[in-house]
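Peer 1: Here you go, data_18.pdb (PDB, C-alpha atoms and all ligand atoms):
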ATOM      1  CA  MET J   1     -21.896  13.240  -4.483  1.00  0.00           C
ATOM      2  CA  ALA J   2     -21.234  12.765  -8.172  1.00  0.00           C
ATOM      3  CA  ASP J   3     -17.526  13.194  -7.497  1.00  0.00           C
ATOM      4  CA  ALA J   4     -17.433  10.096  -5.314  1.00  0.00           C
ATOM      5  CA  ALA J   5     -18.274   7.977  -8.336  1.00  0.00           C
ATOM      6  CA  LYS J   6     -15.106   9.125 -10.061  1.00  0.00           C
ATOM      7  CA  GLY J   7     -13.072   6.927  -7.772  1.00  0.00           C
ATOM      8  CA  SER J   8      -9.636   8.408  -7.539  1.00  0.00           C
ATOM      9  CA  GLU J   9     -10.734  12.026  -7.990  1.00  0.00           C
ATOM     10  CA  ARG J  10     -11.894  12.532  -4.422  1.00  0.00           C
ATOM     11  CA  THR J  11     -10.481  13.505  -1.063  1.00  0.00           C
ATOM     12  CA  VAL J  12      -9.966  10.262   0.745  1.00  0.00           C
ATOM     13  CA  THR J  13      -9.501   9.677   4.447  1.00  0.00           C
ATOM     14  CA  GLY J  14      -8.173   6.790   6.441  1.00  0.00           C
ATOM     15  CA  GLY J  15      -6.451   5.733   9.596  1.00  0.00           C
ATOM     16  CA  CYS J  16      -5.628   2.935  11.959  1.00  0.00           C
ATOM     17  CA  GLN J  17      -8.105   0.639  13.642  1.00  0.00           C
ATOM     18  CA  CYS J  18      -8.279   2.638  16.918  1.00  0.00           C
ATOM     19  CA  GLY J  19      -8.271   6.110  15.334  1.00  0.00           C
ATOM     20  CA  ALA J  20      -5.089   7.418  17.022  1.00  0.00           C
ATOM     21  CA  ILE J  21      -3.536   7.929  13.560  1.00  0.00           C
ATOM     22  CA  ARG J  22      -5.661   9.598  10.902  1.00  0.00           C
ATOM     23  CA  TYR J  23      -4.789  10.875   7.450  1.00  0.00           C
ATOM     24  CA  SER J  24      -6.361  12.507   4.440  1.00  0.00           C
ATOM     25  CA  VAL J  25      -5.183  12.554   0.847  1.00  0.00           C
ATOM     26  CA  GLY J  26      -5.909  15.676  -1.162  1.00  0.00           C
ATOM     27  CA  VAL J  27      -4.801  14.408  -4.565  1.00  0.00           C
ATOM     28  CA  ALA J  28      -6.000  11.677  -6.896  1.00  0.00           C
ATOM     29  CA  LEU J  29      -4.846   8.272  -5.720  1.00  0.00           C
ATOM     30  CA  PRO J  30      -2.492   6.341  -8.002  1.00  0.00           C
ATOM     31  CA  PRO J  31      -3.533   2.758  -8.817  1.00  0.00           C
ATOM     32  CA  ALA J  32      -3.075   0.020  -6.254  1.00  0.00           C
ATOM     33  CA  TYR J  33      -1.147  -3.248  -6.495  1.00  0.00           C
ATOM     34  CA  ALA J  34      -1.307  -6.416  -4.442  1.00  0.00           C
ATOM     35  CA  CYS J  35       1.660  -8.391  -3.138  1.00  0.00           C
ATOM     36  CA  HIS J  36       1.445 -12.037  -2.157  1.00  0.00           C
ATOM     37  CA  CYS J  37       4.982 -12.460  -0.765  1.00  0.00           C
ATOM     38  CA  GLY J  38       5.766 -13.930   2.625  1.00  0.00           C
ATOM     39  CA  GLU J  39       6.744 -10.546   4.060  1.00  0.00           C
ATOM     40  CA  CYS J  40       3.389  -9.061   3.101  1.00  0.00           C
ATOM     41  CA  LYS J  41       1.590 -12.015   4.659  1.00  0.00           C
ATOM     42  CA  LYS J  42       3.438 -11.327   7.913  1.00  0.00           C
ATOM     43  CA  GLN J  43       2.929  -7.576   7.933  1.00  0.00           C
ATOM     44  CA  SER J  44      -0.752  -7.809   7.071  1.00  0.00           C
ATOM     45  CA  ALA J  45      -1.356 -10.969   9.129  1.00  0.00           C
ATOM     46  CA  SER J  46      -3.410 -12.028   6.123  1.00  0.00           C
ATOM     47  CA  ALA J  47      -3.169 -13.552   2.651  1.00  0.00           C
ATOM     48  CA  PHE J  48      -1.675 -10.555   0.821  1.00  0.00           C
ATOM     49  CA  SER J  49      -1.139  -6.810   1.047  1.00  0.00           C
ATOM     50  CA  MET J  50      -2.681  -4.096  -1.090  1.00  0.00           C
ATOM     51  CA  SER J  51      -0.753  -0.868  -1.441  1.00  0.00           C
ATOM     52  CA  ILE J  52      -0.817   2.429  -3.312  1.00  0.00           C
ATOM     53  CA  PRO J  53       2.551   3.848  -4.375  1.00  0.00           C
ATOM     54  CA  MET J  54       2.565   7.565  -3.604  1.00  0.00           C
ATOM     55  CA  TYR J  55       4.536  10.263  -1.758  1.00  0.00           C
ATOM     56  CA  PHE J  56       4.451  11.208   1.888  1.00  0.00           C
ATOM     57  CA  ASP J  57       3.691  14.857   1.136  1.00  0.00           C
ATOM     58  CA  MET J  58       0.369  13.787  -0.400  1.00  0.00           C
ATOM     59  CA  LEU J  59      -0.746  12.765   3.109  1.00  0.00           C
ATOM     60  CA  ASP J  60      -2.033  15.064   5.838  1.00  0.00           C
ATOM     61  CA  VAL J  61      -1.421  13.028   8.998  1.00  0.00           C
ATOM     62  CA  THR J  62      -2.618  13.479  12.565  1.00  0.00           C
ATOM     63  CA  GLY J  63      -1.061  11.334  15.300  1.00  0.00           C
ATOM     64  CA  SER J  64       2.431   9.858  15.525  1.00  0.00           C
ATOM     65  CA  PRO J  65       2.956   6.416  14.046  1.00  0.00           C
ATOM     66  CA  LYS J  66       5.779   4.207  15.261  1.00  0.00           C
ATOM     67  CA  VAL J  67       8.361   2.814  12.858  1.00  0.00           C
ATOM     68  CA  TYR J  68       9.620  -0.736  12.517  1.00  0.00           C
ATOM     69  CA  GLU J  69      12.717  -1.099  10.318  1.00  0.00           C
ATOM     70  CA  SER J  70      13.101  -4.168   8.143  1.00  0.00           C
ATOM     71  CA  LYS J  71      14.890  -4.975   4.881  1.00  0.00           C
ATOM     72  CA  ALA J  72      13.446  -4.908   1.383  1.00  0.00           C
ATOM     73  CA  PHE J  73      14.275  -7.796  -0.995  1.00  0.00           C
ATOM     74  CA  SER J  74      16.956  -5.486  -2.387  1.00  0.00           C
ATOM     75  CA  GLY J  75      18.659  -5.477   1.021  1.00  0.00           C
ATOM     76  CA  ARG J  76      17.949  -1.773   1.446  1.00  0.00           C
ATOM     77  CA  PRO J  77      16.237  -0.578   4.647  1.00  0.00           C
ATOM     78  CA  LYS J  78      12.472  -0.415   4.684  1.00  0.00           C
ATOM     79  CA  TYR J  79      10.550   1.648   7.228  1.00  0.00           C
ATOM     80  CA  ASN J  80       7.191   0.275   8.284  1.00  0.00           C
ATOM     81  CA  PHE J  81       4.873   2.815   9.921  1.00  0.00           C
ATOM     82  CA  PHE J  82       2.203   1.531  12.288  1.00  0.00           C
ATOM     83  CA  CYS J  83      -0.016   2.637  15.152  1.00  0.00           C
ATOM     84  CA  GLY J  84       1.689   1.954  18.487  1.00  0.00           C
ATOM     85  CA  ASP J  85      -1.684   1.561  20.181  1.00  0.00           C
ATOM     86  CA  CYS J  86      -3.593  -0.832  17.924  1.00  0.00           C
ATOM     87  CA  GLY J  87      -0.794  -2.170  15.703  1.00  0.00           C
ATOM     88  CA  THR J  88      -2.344  -1.318  12.330  1.00  0.00           C
ATOM     89  CA  ARG J  89       0.262  -1.050   9.549  1.00  0.00           C
ATOM     90  CA  LEU J  90      -0.346   2.252   7.702  1.00  0.00           C
ATOM     91  CA  TRP J  91       2.402   2.827   5.138  1.00  0.00           C
ATOM     92  CA  HIS J  92       5.934   1.821   4.239  1.00  0.00           C
ATOM     93  CA  SER J  93       8.817   3.896   2.998  1.00  0.00           C
ATOM     94  CA  GLY J  94      12.295   3.108   1.756  1.00  0.00           C
ATOM     95  CA  THR J  95      15.391   5.033   0.851  1.00  0.00           C
ATOM     96  CA  ASN J  96      15.061   5.488  -2.876  1.00  0.00           C
ATOM     97  CA  PRO J  97      13.756   8.147  -2.471  1.00  0.00           C
ATOM     98  CA  PRO J  98      12.767   8.350   1.229  1.00  0.00           C
ATOM     99  CA  THR J  99       9.690  10.425   0.347  1.00  0.00           C
ATOM    100  CA  ALA J 100       8.170   7.548  -1.650  1.00  0.00           C
ATOM    101  CA  ILE J 101       5.695   5.514   0.375  1.00  0.00           C
ATOM    102  CA  THR J 102       3.236   2.699  -0.156  1.00  0.00           C
ATOM    103  CA  LEU J 103      -0.073   3.408   1.562  1.00  0.00           C
ATOM    104  CA  LYS J 104      -1.972   0.369   2.824  1.00  0.00           C
ATOM    105  CA  VAL J 105      -5.344   0.203   1.062  1.00  0.00           C
ATOM    106  CA  GLY J 106      -6.984  -1.502   4.050  1.00  0.00           C
ATOM    107  CA  THR J 107      -6.520   1.670   6.119  1.00  0.00           C
ATOM    108  CA  LEU J 108      -8.737   3.756   3.810  1.00  0.00           C
ATOM    109  CA  ASP J 109     -12.178   4.536   5.232  1.00  0.00           C
ATOM    110  CA  GLN J 110     -13.807   3.968   1.825  1.00  0.00           C
ATOM    111  CA  GLY J 111     -11.510   1.782  -0.230  1.00  0.00           C
ATOM    112  CA  ALA J 112     -13.730  -1.147  -1.173  1.00  0.00           C
ATOM    113  CA  ASP J 113     -13.943  -0.079  -4.824  1.00  0.00           C
ATOM    114  CA  ILE J 114     -10.169  -0.050  -5.331  1.00  0.00           C
ATOM    115  CA  ALA J 115      -9.003  -3.064  -7.337  1.00  0.00           C
ATOM    116  CA  PRO J 116      -5.327  -3.971  -7.687  1.00  0.00           C
ATOM    117  CA  VAL J 117      -4.059  -3.467 -11.246  1.00  0.00           C
ATOM    118  CA  GLU J 118      -0.983  -5.666 -10.791  1.00  0.00           C
ATOM    119  CA  HIS J 119      -0.059  -8.614  -8.581  1.00  0.00           C
ATOM    120  CA  LEU J 120       3.434  -9.320  -7.275  1.00  0.00           C
ATOM    121  CA  TRP J 121       4.738 -12.670  -5.996  1.00  0.00           C
ATOM    122  CA  VAL J 122       1.817 -14.745  -7.290  1.00  0.00           C
ATOM    123  CA  SER J 123       4.172 -17.746  -6.907  1.00  0.00           C
ATOM    124  CA  GLN J 124       3.460 -17.418  -3.161  1.00  0.00           C
ATOM    125  CA  LYS J 125      -0.262 -16.712  -3.512  1.00  0.00           C
ATOM    126  CA  GLN J 126      -2.519 -18.164  -0.828  1.00  0.00           C
ATOM    127  CA  ALA J 127      -4.592 -21.176  -1.928  1.00  0.00           C
ATOM    128  CA  GLY J 128      -8.168 -20.269  -2.843  1.00  0.00           C
ATOM    129  CA  ILE J 129      -7.437 -16.628  -3.724  1.00  0.00           C
ATOM    130  CA  MET J 130      -8.604 -16.061  -7.318  1.00  0.00           C
ATOM    131  CA  LEU J 131      -7.074 -13.240  -9.372  1.00  0.00           C
ATOM    132  CA  ASP J 132      -8.711 -11.282 -12.167  1.00  0.00           C
ATOM    133  CA  PRO J 133      -7.028 -12.721 -15.310  1.00  0.00           C
ATOM    134  CA  LYS J 134      -7.044  -9.209 -16.838  1.00  0.00           C
ATOM    135  CA  THR J 135      -4.555  -7.967 -14.227  1.00  0.00           C
ATOM    136  CA  VAL J 136      -0.795  -8.026 -14.695  1.00  0.00           C
ATOM    137  CA  GLN J 137       0.704 -10.865 -12.671  1.00  0.00           C
ATOM    138  CA  HIS J 138       4.360 -11.258 -11.736  1.00  0.00           C
ATOM    139  CA  GLN J 139       5.652 -14.603 -10.457  1.00  0.00           C
ATOM    140  CA  THR J 140       8.008 -12.693  -8.168  1.00  0.00           C
ATOM    141  CA  GLN J 141       8.633  -8.980  -8.598  1.00  0.00           C
ATOM    142  CA  PRO J 142      10.100  -6.826 -11.363  1.00  0.00           C
ATOM    143  CA  ASP J 143      13.900  -6.702 -11.402  1.00  0.00           C
ATOM    144  CA  ASP J 144      13.819  -2.921 -11.356  1.00  0.00           C
ATOM    145  CA  VAL J 145      11.219  -2.151  -8.699  1.00  0.00           C
ATOM    146  CA  ILE J 146      11.889   1.585  -8.849  1.00  0.00           C
ATOM    147  CA  ALA J 147      11.187   1.762 -12.592  1.00  0.00           C
ATOM    148  CA  TRP J 148       8.126  -0.454 -12.172  1.00  0.00           C
ATOM    149  CA  ARG J 149       6.808   1.835  -9.479  1.00  0.00           C
ATOM    150  CA  LYS J 150       7.337   4.937 -11.632  1.00  0.00           C
ATOM    151  CA  LYS J 151       5.336   3.304 -14.435  1.00  0.00           C
ATOM    152  CA  LEU J 152       2.497   2.466 -12.037  1.00  0.00           C
ATOM    153  CA  GLU J 153       2.382   6.040 -10.706  1.00  0.00           C
ATOM    154  CA  GLN J 154       1.693   7.462 -14.160  1.00  0.00           C
TER     155      GLN J 154
HETATM  156 ZN    ZN V   1      -4.439   2.761  16.269  1.00  0.00          ZN
HETATM  157 ZN    ZN V   2       5.186  -8.331  -0.569  1.00  0.00          ZN
END
Represent the supplied structure as structure tokens.
Peer 2:
Amino acid sequence: MADAAKGSERTVTGGCQCGAIRYSVGVALPPAYACHCGECKKQSASAFSMSIPMYFDMLDVTGSPKVYESKAFSGRPKYNFFCGDCGTRLWHSGTNPPTAITLKVGTLDQGADIAPVEHLWVSQKQAGIMLDPKTVQHQTQPDDVIAWRKKLEQ
């Protein structure tokens, strides 16, 4: 399993807590970021979210997630996909473009070695959570989120 040590160059699998929704990713995973905003605390029911910006066609999904619609900070609609049985949040998508998603790192079967390369909304960071000082840290979020995301994907 030498390939497994390469990190992103592997076929990864994941799914919700109950297993009703499963997915695999056949391409190298882009880097992950963490977000410490209030919305991410709500959606994760935890201190922050960790997400991988990617595209829906990179996923091979079995099962039918439900969708909860909310609003991004931009005011544009945001579509939050989750398992209707166990409630696990799986990925989000928006409108710009609708094929762009953020996959939730916590749903990966083997994601423990994935470190966030950037942190958003550290101004709202939970007390006691220490960040690697070598990571890029934003007090809120970049003004142009779409451009920021494109940079991260490369
Ligand atoms: Zn489930
Ligand atoms: Zn957030």
Peer 1: In Å, rounded to a single decimal, give me how far CA of Glu118 (chain J) is from atom ZN of ligand ZN 2 (chain V).
Peer 2: 12.2 Å
Peer 1: So which residues touch Pro53 (chain J) within 9 Å, counting all atoms listed in the file, skipping near sequence neighbours fewer than 2 positions away, as a PyMOL selection string?
Peer 2: chain J and resi 29-33+51+55+100-103+149-150+152-153
Peer 1: Any chance you could export the current selection's C-alpha atoms as a PDB file, in the coordinates of the input?
Peer 2:
ATOM      1  CA  LEU J  29      -4.846   8.272  -5.720  1.00  0.00           C
ATOM      2  CA  PRO J  30      -2.492   6.341  -8.002  1.00  0.00           C
ATOM      3  CA  PRO J  31      -3.533   2.758  -8.817  1.00  0.00           C
ATOM      4  CA  ALA J  32      -3.075   0.020  -6.254  1.00  0.00           C
ATOM      5  CA  TYR J  33      -1.147  -3.248  -6.495  1.00  0.00           C
ATOM      6  CA  SER J  51      -0.753  -0.868  -1.441  1.00  0.00           C
ATOM      7  CA  TYR J  55       4.536  10.263  -1.758  1.00  0.00           C
ATOM      8  CA  ALA J 100       8.170   7.548  -1.650  1.00  0.00           C
ATOM      9  CA  ILE J 101       5.695   5.514   0.375  1.00  0.00           C
ATOM     10  CA  THR J 102       3.236   2.699  -0.156  1.00  0.00           C
ATOM     11  CA  LEU J 103      -0.073   3.408   1.562  1.00  0.00           C
ATOM     12  CA  ARG J 149       6.808   1.835  -9.479  1.00  0.00           C
ATOM     13  CA  LYS J 150       7.337   4.937 -11.632  1.00  0.00           C
ATOM     14  CA  LEU J 152       2.497   2.466 -12.037  1.00  0.00           C
ATOM     15  CA  GLU J 153       2.382   6.040 -10.706  1.00  0.00           C
TER      16      GLU J 153
END
Peer 1: Once the PyMOL selection byres (((not hetatm)) within 10 of (chain V and resi 1)) is applied to the coordinates I shared, what remains selected? I want it as a list in words.
Peer 2: Gly15, Cys16, Gln17, Cys18, Gly19, Ala20, Ile21, Arg22, Gly63, Ser64, Pro65, Phe82, Cys83, Gly84, Asp85, Cys86, Gly87, Thr88, Arg89 and Leu90 of chain J
Peer 1: Could you state which residues are captured by the PyMOL selection byres (((chain J and resi 126) around 12) and not hetatm) in this file, as number ranges by chain?
Peer 2: J: 35-38, 40-41, 46-49, 121-125, 127-131
Peer 1: For Asn96 (chain J), which of J:Ile52, J:Val117, J:Ala147, J:Val61 is the closest residue, counting all atoms listed in the file?
Peer 2: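 Closest to Asn96 (chain J) of all the choices is J:Ala147.
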Peer 1: Which residue gives the smallest distance to Phe56 (chain J) among J:His138, J:His92, J:Arg76, J:Lys71, with only C-alpha atoms counted?
Peer 2: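 Among the listed residues, J:His92 lies closest to Phe56 (chain J).
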